[in-house]
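> Take this structure first; my questions come after.
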Amino acid sequence: MIEDYHLTAETPSIDDYLRLRINAGLSPKAQANAVAGLPNTWFAVVVRRDGRAVGMGRIIGDGGLFFQIVDMAIEPAHQGRGMGKAIMTALMDRLRSDAQGAYVSLIADGEANRLYAQYGFEPTTPKSIGMAQVIR
């Protein structure tokens, strides 16, 4: 890992999760939803500096057939130091170890597709198109 940063396999705490999403520019989530959802994480990593969470990434899924990489978030002050690659490497290592043959998807925000392409992810269009909805 990058000097002064420590990556550990753990699900982020509720407070860290909510803070990191907002600080990284991702959509905010309700605390009640985080309380319900985070325990269902299949695998996650947290990056810390001086004991404070500054980055995270999670994998959710059914445990065998389908997985999705979500919540890739790094605080802006800590971006550009290779943490995205470190997080993705840890997530992909776990998938390769324990999810052979599974379908793994993700949604690439902004320029994140460049990072994900380095790990073998390809656009699904025109054969398929990602679709989403936020339930209100």
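The chains in the structure tokens are called A, B, ... from first to last as shown; in each chain the residues are counted from 1, and the ligands are counted from 1 in the order shown.
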Mind checking which residues fall within 9 Å of range 112-129 of chain A, counting only C-alpha atoms, ignoring those fewer than 4 positions away in the same chain, and posting them as JSON, numbers by chain?
{"A": [84, 85, 88, 89, 92, 104, 105, 106, 107, 108]}
> Hey, can you spit out that residue selection with N, CA, C and O atoms as a short mmCIF file (atom, residue, chain, number, x, y, z; two decimals), in the first residue's frame?

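The new file again25.cif reads:
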data_model
loop_
_atom_site.label_atom_id
_atom_site.label_comp_id
_atom_site.auth_asym_id
_atom_site.auth_seq_id
_atom_site.Cartn_x
_atom_site.Cartn_y
_atom_site.Cartn_z
N GLY A 84 -7.18 4.17 -5.66
CA GLY A 84 -8.21 3.52 -6.47
C GLY A 84 -7.72 2.18 -6.98
O GLY A 84 -8.44 1.17 -6.94
N LYS A 85 -6.48 2.15 -7.45
CA LYS A 85 -5.90 0.89 -7.93
C LYS A 85 -5.73 -0.11 -6.78
O LYS A 85 -5.98 -1.30 -6.95
N MET A 88 -9.22 -1.47 -5.99
CA MET A 88 -9.69 -2.38 -7.05
C MET A 88 -8.90 -3.68 -7.05
O MET A 88 -9.47 -4.76 -7.26
N THR A 89 -7.61 -3.61 -6.83
CA THR A 89 -6.80 -4.83 -6.78
C THR A 89 -7.28 -5.75 -5.67
O THR A 89 -7.44 -6.96 -5.87
N MET A 92 -10.73 -7.21 -6.70
CA MET A 92 -10.60 -8.19 -7.78
C MET A 92 -9.89 -9.46 -7.31
O MET A 92 -10.24 -10.56 -7.74
N VAL A 104 -19.72 -10.05 -12.88
CA VAL A 104 -19.41 -8.90 -12.03
C VAL A 104 -19.68 -7.63 -12.83
O VAL A 104 -19.16 -7.46 -13.94
N SER A 105 -20.48 -6.75 -12.26
CA SER A 105 -20.81 -5.50 -12.94
C SER A 105 -20.49 -4.32 -12.03
O SER A 105 -20.24 -4.47 -10.84
N LEU A 106 -20.52 -3.14 -12.63
CA LEU A 106 -20.35 -1.90 -11.90
C LEU A 106 -20.86 -0.76 -12.77
O LEU A 106 -21.07 -0.93 -13.97
N ILE A 107 -21.06 0.37 -12.15
CA ILE A 107 -21.41 1.60 -12.87
C ILE A 107 -20.22 2.52 -12.74
O ILE A 107 -19.77 2.81 -11.62
N ALA A 108 -19.69 2.97 -13.86
CA ALA A 108 -18.52 3.85 -13.86
C ALA A 108 -18.97 5.30 -13.96
O ALA A 108 -19.52 5.71 -14.97
#
> For Val54 in chain A, find every residue with an atom within 6 Å (counting only C-alpha atoms), except residues of its own chain fewer than 5 positions away, and show them as a PyMOL selection string.
chain A and resi 47-48+74-75
> Report the closest atom pair, with its distance in Å rounded to one decimal, for each residue of range 38-77 of chain A that has an atom no farther than 9 Å from range 13-33 of chain A; count only C-alpha atoms, sort by chain and then rising residue number, and write it as CSV.

residue,atom,partner,partner_atom,distance
A:Leu38,CA,A:Ile14,CA,7.6
A:Arg52,CA,A:Asp16,CA,8.7
A:Ala53,CA,A:Asp16,CA,6.5
A:Val54,CA,A:Leu20,CA,6.9
A:Gly55,CA,A:Leu20,CA,6.8
A:Met56,CA,A:Leu20,CA,7.7
A:Asp71,CA,A:Arg21,CA,7.2
A:Met72,CA,A:Arg21,CA,8.4
A:Ala73,CA,A:Ala24,CA,5.5
A:Ile74,CA,A:Ala24,CA,5.6
A:Glu75,CA,A:Ala24,CA,4.9
A:Pro76,CA,A:Ala24,CA,6.1
> Could you please take those selected residues and save all heavy atoms as an mmCIF file, in the first residue's frame?

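So the final result, stored in selection_2.cif, reads:
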data_model
loop_
_atom_site.group_PDB
_atom_site.id
_atom_site.type_symbol
_atom_site.label_atom_id
_atom_site.label_comp_id
_atom_site.auth_asym_id
_atom_site.auth_seq_id
_atom_site.Cartn_x
_atom_site.Cartn_y
_atom_site.Cartn_z
ATOM 1 N N LEU A 38 -25.286 -2.228 4.847
ATOM 2 C CA LEU A 38 -23.865 -2.546 5.032
ATOM 3 C C LEU A 38 -23.613 -3.953 5.582
ATOM 4 O O LEU A 38 -22.645 -4.595 5.163
ATOM 5 C CB LEU A 38 -23.181 -1.493 5.902
ATOM 6 C CG LEU A 38 -22.942 -0.148 5.205
ATOM 7 C CD1 LEU A 38 -22.346 0.861 6.181
ATOM 8 C CD2 LEU A 38 -22.059 -0.293 3.981
ATOM 9 N N ARG A 52 -7.803 7.276 10.283
ATOM 10 C CA ARG A 52 -9.048 7.844 9.757
ATOM 11 C C ARG A 52 -9.340 7.250 8.383
ATOM 12 O O ARG A 52 -8.461 7.210 7.513
ATOM 13 C CB ARG A 52 -8.913 9.355 9.626
ATOM 14 C CG ARG A 52 -10.150 10.063 9.136
ATOM 15 C CD ARG A 52 -9.932 11.581 9.167
ATOM 16 N NE ARG A 52 -11.123 12.291 8.816
ATOM 17 C CZ ARG A 52 -11.509 12.554 7.565
ATOM 18 N NH1 ARG A 52 -10.758 12.174 6.552
ATOM 19 N NH2 ARG A 52 -12.620 13.218 7.322
ATOM 20 N N ALA A 53 -10.580 6.787 8.163
ATOM 21 C CA ALA A 53 -10.965 6.241 6.864
ATOM 22 C C ALA A 53 -10.972 7.347 5.824
ATOM 23 O O ALA A 53 -11.640 8.376 6.002
ATOM 24 C CB ALA A 53 -12.335 5.586 6.953
ATOM 25 N N VAL A 54 -10.201 7.139 4.723
ATOM 26 C CA VAL A 54 -10.141 8.125 3.635
ATOM 27 C C VAL A 54 -10.560 7.524 2.300
ATOM 28 O O VAL A 54 -10.666 8.241 1.306
ATOM 29 C CB VAL A 54 -8.741 8.769 3.526
ATOM 30 C CG1 VAL A 54 -8.393 9.532 4.794
ATOM 31 C CG2 VAL A 54 -7.675 7.723 3.201
ATOM 32 N N GLY A 55 -10.816 6.213 2.269
ATOM 33 C CA GLY A 55 -11.246 5.556 1.042
ATOM 34 C C GLY A 55 -11.911 4.229 1.340
ATOM 35 O O GLY A 55 -11.720 3.660 2.420
ATOM 36 N N MET A 56 -12.711 3.763 0.378
ATOM 37 C CA MET A 56 -13.398 2.480 0.554
ATOM 38 C C MET A 56 -13.842 1.947 -0.786
ATOM 39 O O MET A 56 -13.902 2.659 -1.785
ATOM 40 C CB MET A 56 -14.629 2.638 1.456
ATOM 41 C CG MET A 56 -15.743 3.477 0.828
ATOM 42 S SD MET A 56 -17.187 3.551 1.894
ATOM 43 C CE MET A 56 -18.199 4.698 0.925
ATOM 44 N N ASP A 71 -19.647 1.692 -4.262
ATOM 45 C CA ASP A 71 -19.095 2.562 -3.216
ATOM 46 C C ASP A 71 -17.587 2.768 -3.310
ATOM 47 O O ASP A 71 -16.900 2.857 -2.291
ATOM 48 C CB ASP A 71 -19.462 2.029 -1.814
ATOM 49 C CG ASP A 71 -20.952 1.991 -1.590
ATOM 50 O OD1 ASP A 71 -21.652 2.914 -2.046
ATOM 51 O OD2 ASP A 71 -21.432 1.044 -0.942
ATOM 52 N N MET A 72 -17.082 2.856 -4.520
ATOM 53 C CA MET A 72 -15.676 3.227 -4.695
ATOM 54 C C MET A 72 -15.585 4.720 -4.379
ATOM 55 O O MET A 72 -16.111 5.554 -5.114
ATOM 56 C CB MET A 72 -15.228 2.966 -6.133
ATOM 57 C CG MET A 72 -15.063 1.512 -6.475
ATOM 58 S SD MET A 72 -13.597 0.784 -5.714
ATOM 59 C CE MET A 72 -12.292 1.706 -6.525
ATOM 60 N N ALA A 73 -14.951 5.038 -3.257
ATOM 61 C CA ALA A 73 -14.912 6.428 -2.810
ATOM 62 C C ALA A 73 -13.583 6.721 -2.139
ATOM 63 O O ALA A 73 -13.143 5.974 -1.261
ATOM 64 C CB ALA A 73 -16.057 6.689 -1.832
ATOM 65 N N ILE A 74 -12.970 7.821 -2.560
ATOM 66 C CA ILE A 74 -11.725 8.293 -1.959
ATOM 67 C C ILE A 74 -11.887 9.792 -1.750
ATOM 68 O O ILE A 74 -12.283 10.518 -2.674
ATOM 69 C CB ILE A 74 -10.508 8.006 -2.854
ATOM 70 C CG1 ILE A 74 -10.384 6.506 -3.101
ATOM 71 C CG2 ILE A 74 -9.223 8.571 -2.233
ATOM 72 C CD1 ILE A 74 -9.434 6.139 -4.222
ATOM 73 N N GLU A 75 -11.588 10.268 -0.557
ATOM 74 C CA GLU A 75 -11.686 11.700 -0.302
ATOM 75 C C GLU A 75 -10.774 12.451 -1.268
ATOM 76 O O GLU A 75 -9.650 12.016 -1.540
ATOM 77 C CB GLU A 75 -11.302 12.010 1.141
ATOM 78 C CG GLU A 75 -12.328 11.543 2.136
ATOM 79 C CD GLU A 75 -12.028 12.003 3.553
ATOM 80 O OE1 GLU A 75 -10.837 12.231 3.885
ATOM 81 O OE2 GLU A 75 -12.992 12.119 4.325
ATOM 82 N N PRO A 76 -11.243 13.583 -1.801
ATOM 83 C CA PRO A 76 -10.476 14.325 -2.807
ATOM 84 C C PRO A 76 -9.037 14.643 -2.399
ATOM 85 O O PRO A 76 -8.135 14.559 -3.224
ATOM 86 C CB PRO A 76 -11.296 15.607 -2.999
ATOM 87 C CG PRO A 76 -12.694 15.193 -2.691
ATOM 88 C CD PRO A 76 -12.564 14.181 -1.569
#
> Rank nothing, just name the residue among A:Ile60, A:Val46, A:Ala132, A:Val70 nearest to Tyr5 in chain A, using only C-alpha atoms.
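Among A:Ile60, A:Val46, A:Ala132, A:Val70, it is A:Val46 that comes nearest to Tyr5 in chain A.
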> I'd like the contact shell of Ala99 in chain A - 9 Å cut-off, only C-alpha atoms, skipping same-chain residues fewer than 6 positions apart - returned as a PyMOL selection string.
chain A and resi 63-67
> Write a file of the just-selected residues containing N, CA and C atoms, as a PDB file, in the first residue's frame.

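To be explicit, this is the file written out as again_19.pdb:
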ATOM      1  N   GLY A  63     -23.499 -13.988  -3.648  1.00  0.00           N
ATOM      2  CA  GLY A  63     -22.541 -14.938  -3.092  1.00  0.00           C
ATOM      3  C   GLY A  63     -22.055 -16.013  -4.034  1.00  0.00           C
ATOM      4  N   GLY A  64     -22.581 -16.037  -5.264  1.00  0.00           N
ATOM      5  CA  GLY A  64     -22.141 -17.075  -6.182  1.00  0.00           C
ATOM      6  C   GLY A  64     -22.254 -16.736  -7.649  1.00  0.00           C
ATOM      7  N   LEU A  65     -23.380 -16.189  -8.060  1.00  0.00           N
ATOM      8  CA  LEU A  65     -23.629 -15.961  -9.481  1.00  0.00           C
ATOM      9  C   LEU A  65     -23.361 -14.527  -9.942  1.00  0.00           C
ATOM     10  N   PHE A  66     -23.799 -13.559  -9.147  1.00  0.00           N
ATOM     11  CA  PHE A  66     -23.743 -12.159  -9.561  1.00  0.00           C
ATOM     12  C   PHE A  66     -23.195 -11.279  -8.448  1.00  0.00           C
ATOM     13  N   PHE A  67     -22.310 -10.382  -8.839  1.00  0.00           N
ATOM     14  CA  PHE A  67     -21.708  -9.436  -7.903  1.00  0.00           C
ATOM     15  C   PHE A  67     -21.678  -8.059  -8.551  1.00  0.00           C
TER      16      PHE A  67
END
> Name the residues of range 13-52 of chain A that come out as strand (DSSP E or B) in a backbone DSSP run; write them as a short mmCIF file (atom, residue, chain, number, x, y, z; two decimals) with C-alpha atoms, in the first residue's frame.

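Final output, selection-v8.cif:
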data_model
loop_
_atom_site.label_atom_id
_atom_site.label_comp_id
_atom_site.auth_asym_id
_atom_site.auth_seq_id
_atom_site.Cartn_x
_atom_site.Cartn_y
_atom_site.Cartn_z
CA PHE A 43 -16.46 -8.07 0.76
CA ALA A 44 -15.13 -4.57 1.41
CA VAL A 45 -11.94 -2.69 2.03
CA VAL A 46 -11.21 0.55 3.85
CA VAL A 47 -8.13 2.73 3.36
CA ARG A 48 -6.99 4.64 6.43
CA ARG A 49 -4.45 7.35 7.06
CA ARG A 52 -9.05 7.84 9.76
#
> Using DSSP on the backbone coordinates, identify the residues of chain A assigned to alpha helix (DSSP H); present them as a PyMOL selection string.
chain A and resi 14-23+31-37+83-98+112-117
> So, with only C-alpha atoms as the atoms that count, which of A:Ile135, A:Ile2, A:Ala34, A:Ala9 lies closest to Arg94 in chain A?
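Going through A:Ile135, A:Ile2, A:Ala34, A:Ala9 one by one, the smallest distance to Arg94 in chain A is for A:Ala9.
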> Would you list the contacts of Asp62 in chain A as an mmCIF file with C-alpha atoms, in the first residue's frame, taking every protein, DNA or RNA residue within 10 Å and counting only C-alpha atoms, but skipping same-chain residues closer than 6 positions in sequence?

data_model
loop_
_atom_site.group_PDB
_atom_site.id
_atom_site.type_symbol
_atom_site.label_atom_id
_atom_site.label_comp_id
_atom_site.auth_asym_id
_atom_site.auth_seq_id
_atom_site.Cartn_x
_atom_site.Cartn_y
_atom_site.Cartn_z
ATOM 1 C CA ASN A 40 -25.019 -7.513 3.597
ATOM 2 C CA THR A 41 -21.629 -6.588 2.133
ATOM 3 C CA TRP A 42 -19.948 -9.607 0.526
ATOM 4 C CA GLN A 68 -21.513 -5.666 -8.203
ATOM 5 C CA ALA A 102 -19.564 -15.124 -11.578
#
> In Å to one decimal, how far is CA of Thr11 in chain A from CA of Val35 in chain A?
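Atom-to-atom, CA of Val35 in chain A to CA of Thr11 in chain A, that is 11.7 Å.
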